[in-house]
Amino acid sequence: ELPDNLKALFRPVAMMIPDYRLIAEIMLFSEGFAEARPLSQKMTQLYKLSSEQLSKQDHYDWGLRAMKGILRIAGGLKRSEPKKTEYQILMRALRDTNLPKFVLADFGIFLGLINDLFPRIDSPAKTDPELVKCIKEVIAKPDSGLQPEEVFVTKIANLAEMLGVRHCCFVLGAAGAGKTKLWETLAATWTHMHMGGGATLYQALNPKAITVDDLYGYMHPVTKEPYDGIISKMMRDYSRMENDQPKWIILDGDIDAEWIESMNTVMDDNKVL
């Protein structure tokens, strides 16, 4: 509690929790869903129950940003499969987008919640058969040193789906879990498929190996002259390329607040460094 003389210097600001159901309903209508109201209720209820019942993990996100991404995916599914019911489409978008990020202990709980909210609705998972075929062809090459395990192939397909709707995503896991091979195999697959008309371009660096100023750039305190950081230069170089090839910047290292904080505006809808 602040003393009265200090409190008089502050201006009170009223804040409220946004109405997730109303926001989801409007977005569903904008994506072409006719039954937006009952679907938005089911979606917000699922998010509420998931945040309460699933384990607390740093990478779990039950906020508006995650909801918006799933609604965008659901809109794409509706346009690509108009014969499916809207309940099947939303259920599949919620299930297939969220499952890849869960730890094993939360799988059963989440699937139980989905089945309770969407009873007797069957919508089998669907992956791009052409992508899966090319992934297996790339893995089968003698120099890959990999085996086409079903879990590994599925994870690569999941990453490709995520990159289709988000311009930034995280690959998390313990050391030796295969994170680097995951994105390297996807890059090789997209190159094999001639995605964008050529090879998939990527540059990888460890953000913990250099200072934040070297990473993002800085302004000289005396001359006020701006200096580009490594990420700034990579982005500028990529932006000057006029081809449609996929272009990745891989930040391969531990995540901590010191360097990831400045990436917030890049990762959200602002897309500005």
# chains A, B, ... in the order shown; residues from 1 in each chain; ligands from 1
>>> residues_around(residues="Ile26 (chain A)", least_positions_apart="6", cutoff="10 Å", atoms="only C-alpha atoms", output="JSON, numbers by chain")
{"A": [33, 36, 37, 40]}
>>> select_by_dssp(residues="region 110-230 of chain A", states="helix (DSSP H, G or I)", output="NGL selection string")
:A and (110-117 or 129-140 or 150-165 or 179-192 or 195-197 or 207-209 or 212-216 or 230)
>>> residues_around(residues="region 191-194 of chain A", least_positions_apart="4", cutoff="10 Å", atoms="only C-alpha atoms", output="number ranges by chain")
A: 130-131, 134-135, 137-138, 185-187, 198-201, 245-246
>>> residues_around(residues="region 83-87 of chain A", least_positions_apart="4", cutoff="8 Å", atoms="only C-alpha atoms", output="list of chain:residue names")
A:Phe33, A:Glu35, A:Leu39, A:Lys78, A:Met91, A:Phe118, A:Ile121
>>> atom_distance(atom1="CA of Leu104 (chain A)", atom2="CA of Ser55 (chain A)")
10.4 Å
>>> closest_residue(among="A:Ser123, A:Gly217, A:Gly197, A:Asp269", to="Ala66 (chain A)", atoms="only C-alpha atoms")
A:Asp269
>>> atom_distance(atom1="CA of Thr265 (chain A)", atom2="CA of Ala14 (chain A)")
25.0 Å
>>> closest_residue(among="A:Leu71, A:Ala177, A:Ile156, A:Met43", to="Ile114 (chain A)", atoms="only C-alpha atoms")
A:Met43
>>> residues_around(residues="Leu77 (chain A)", least_positions_apart="4", cutoff="7 Å", atoms="only C-alpha atoms", output="compact mmCIF listing (two decimals) with all heavy atoms, in the first residue's frame")
# COMPACT_ATOMS: atom_id res chain seq x y z
N ILE A 73 -5.89 -21.42 -38.67
CA ILE A 73 -5.75 -22.78 -39.21
C ILE A 73 -7.12 -23.36 -39.54
O ILE A 73 -7.34 -23.96 -40.60
CB ILE A 73 -5.02 -23.68 -38.20
CG1 ILE A 73 -3.56 -23.24 -38.05
CG2 ILE A 73 -5.07 -25.15 -38.64
CD1 ILE A 73 -2.84 -23.89 -36.89
N GLU A 81 -11.57 -28.00 -47.17
CA GLU A 81 -12.46 -29.16 -47.05
C GLU A 81 -13.88 -28.71 -46.74
O GLU A 81 -14.37 -28.87 -45.61
CB GLU A 81 -11.94 -30.11 -45.96
CG GLU A 81 -10.56 -30.66 -46.23
CD GLU A 81 -10.13 -31.69 -45.18
OE1 GLU A 81 -11.00 -32.44 -44.71
OE2 GLU A 81 -8.94 -31.70 -44.84
N ILE A 89 -14.13 -29.61 -38.27
CA ILE A 89 -12.99 -28.76 -38.66
C ILE A 89 -12.33 -28.13 -37.44
O ILE A 89 -11.12 -28.18 -37.28
CB ILE A 89 -13.47 -27.67 -39.65
CG1 ILE A 89 -13.78 -28.29 -41.01
CG2 ILE A 89 -12.44 -26.57 -39.79
CD1 ILE A 89 -14.54 -27.39 -41.95
>>> residues_around(residues="Pro148 (chain A)", least_positions_apart="6", cutoff="8 Å", atoms="only C-alpha atoms", output="VMD selection string")
chain A and resid 136 139 to 140
>>> select_by_dssp(residues="region 113-265 of chain A", states="strand (DSSP E or B)", output="tab-separated table (two decimals) with N, CA, C and O atoms, in the first residue's frame")
chain	number	residue	atom	x	y	z
A	201	LEU	N	16.74	-21.60	-47.77
A	201	LEU	CA	17.91	-20.89	-47.25
A	201	LEU	C	17.81	-20.78	-45.73
A	201	LEU	O	16.74	-20.46	-45.20
A	202	TYR	N	18.89	-21.04	-45.04
A	202	TYR	CA	18.88	-20.85	-43.59
A	202	TYR	C	20.25	-20.47	-43.08
A	202	TYR	O	21.27	-20.82	-43.68
A	203	GLN	N	20.26	-19.70	-42.01
A	203	GLN	CA	21.49	-19.33	-41.32
A	203	GLN	C	21.27	-19.61	-39.83
A	203	GLN	O	20.28	-19.16	-39.27
A	204	ALA	N	22.18	-20.33	-39.22
A	204	ALA	CA	22.04	-20.70	-37.82
A	204	ALA	C	23.13	-20.05	-36.98
A	204	ALA	O	24.27	-19.91	-37.43
A	205	LEU	N	22.76	-19.61	-35.79
A	205	LEU	CA	23.76	-19.08	-34.86
A	205	LEU	C	23.31	-19.36	-33.43
A	205	LEU	O	22.11	-19.59	-33.18
A	217	GLY	N	22.38	-5.28	-32.63
A	217	GLY	CA	22.87	-3.97	-33.05
A	217	GLY	C	22.73	-2.96	-31.92
A	217	GLY	O	22.06	-3.21	-30.92
A	218	TYR	N	23.35	-1.81	-32.09
A	218	TYR	CA	23.30	-0.79	-31.04
A	218	TYR	C	23.61	0.57	-31.65
A	218	TYR	O	24.01	0.67	-32.81
A	219	MET	N	23.37	1.61	-30.86
A	219	MET	CA	23.71	2.96	-31.29
A	219	MET	C	24.90	3.47	-30.46
A	219	MET	O	24.88	3.34	-29.23
A	226	PRO	N	24.25	4.31	-35.80
A	226	PRO	CA	23.72	2.96	-35.57
A	226	PRO	C	24.62	1.89	-36.17
A	226	PRO	O	25.20	2.07	-37.24
A	227	TYR	N	24.73	0.78	-35.47
A	227	TYR	CA	25.51	-0.36	-35.94
A	227	TYR	C	24.58	-1.58	-36.01
A	227	TYR	O	23.88	-1.88	-35.05
A	228	ASP	N	24.60	-2.26	-37.15
A	228	ASP	CA	23.78	-3.46	-37.31
A	228	ASP	C	24.29	-4.61	-36.45
A	228	ASP	O	25.50	-4.80	-36.33
A	247	LYS	N	13.09	-18.77	-46.23
A	247	LYS	CA	14.30	-18.19	-45.63
A	247	LYS	C	14.16	-18.26	-44.12
A	247	LYS	O	13.22	-17.69	-43.56
A	248	TRP	N	15.09	-18.95	-43.48
A	248	TRP	CA	15.02	-19.15	-42.03
A	248	TRP	C	16.22	-18.50	-41.34
A	248	TRP	O	17.33	-18.52	-41.84
A	249	ILE	N	15.96	-17.96	-40.15
A	249	ILE	CA	17.03	-17.59	-39.22
A	249	ILE	C	16.87	-18.50	-38.01
A	249	ILE	O	15.85	-18.46	-37.33
A	250	ILE	N	17.85	-19.37	-37.78
A	250	ILE	CA	17.78	-20.35	-36.70
A	250	ILE	C	18.60	-19.84	-35.52
A	250	ILE	O	19.81	-19.63	-35.64
A	251	LEU	N	17.94	-19.64	-34.39
A	251	LEU	CA	18.63	-19.26	-33.15
A	251	LEU	C	18.73	-20.52	-32.30
A	251	LEU	O	17.78	-20.88	-31.60
>>> atom_distance(atom1="CA of Trp190 (chain A)", atom2="CA of Leu172 (chain A)")
21.3 Å
>>> closest_residue(among="A:Pro207, A:Arg21, A:Asp96, A:Gly32", to="Pro82 (chain A)", atoms="only C-alpha atoms")
A:Gly32
>>> closest_residue(among="A:Asp61, A:Asp213, A:Asp4, A:Glu25", to="Ser262 (chain A)", atoms="only C-alpha atoms")
A:Asp213
>>> closest_residue(among="A:Thr127, A:Ser30, A:Thr189, A:Asn264", to="Cys169 (chain A)", atoms="only C-alpha atoms")
A:Asn264
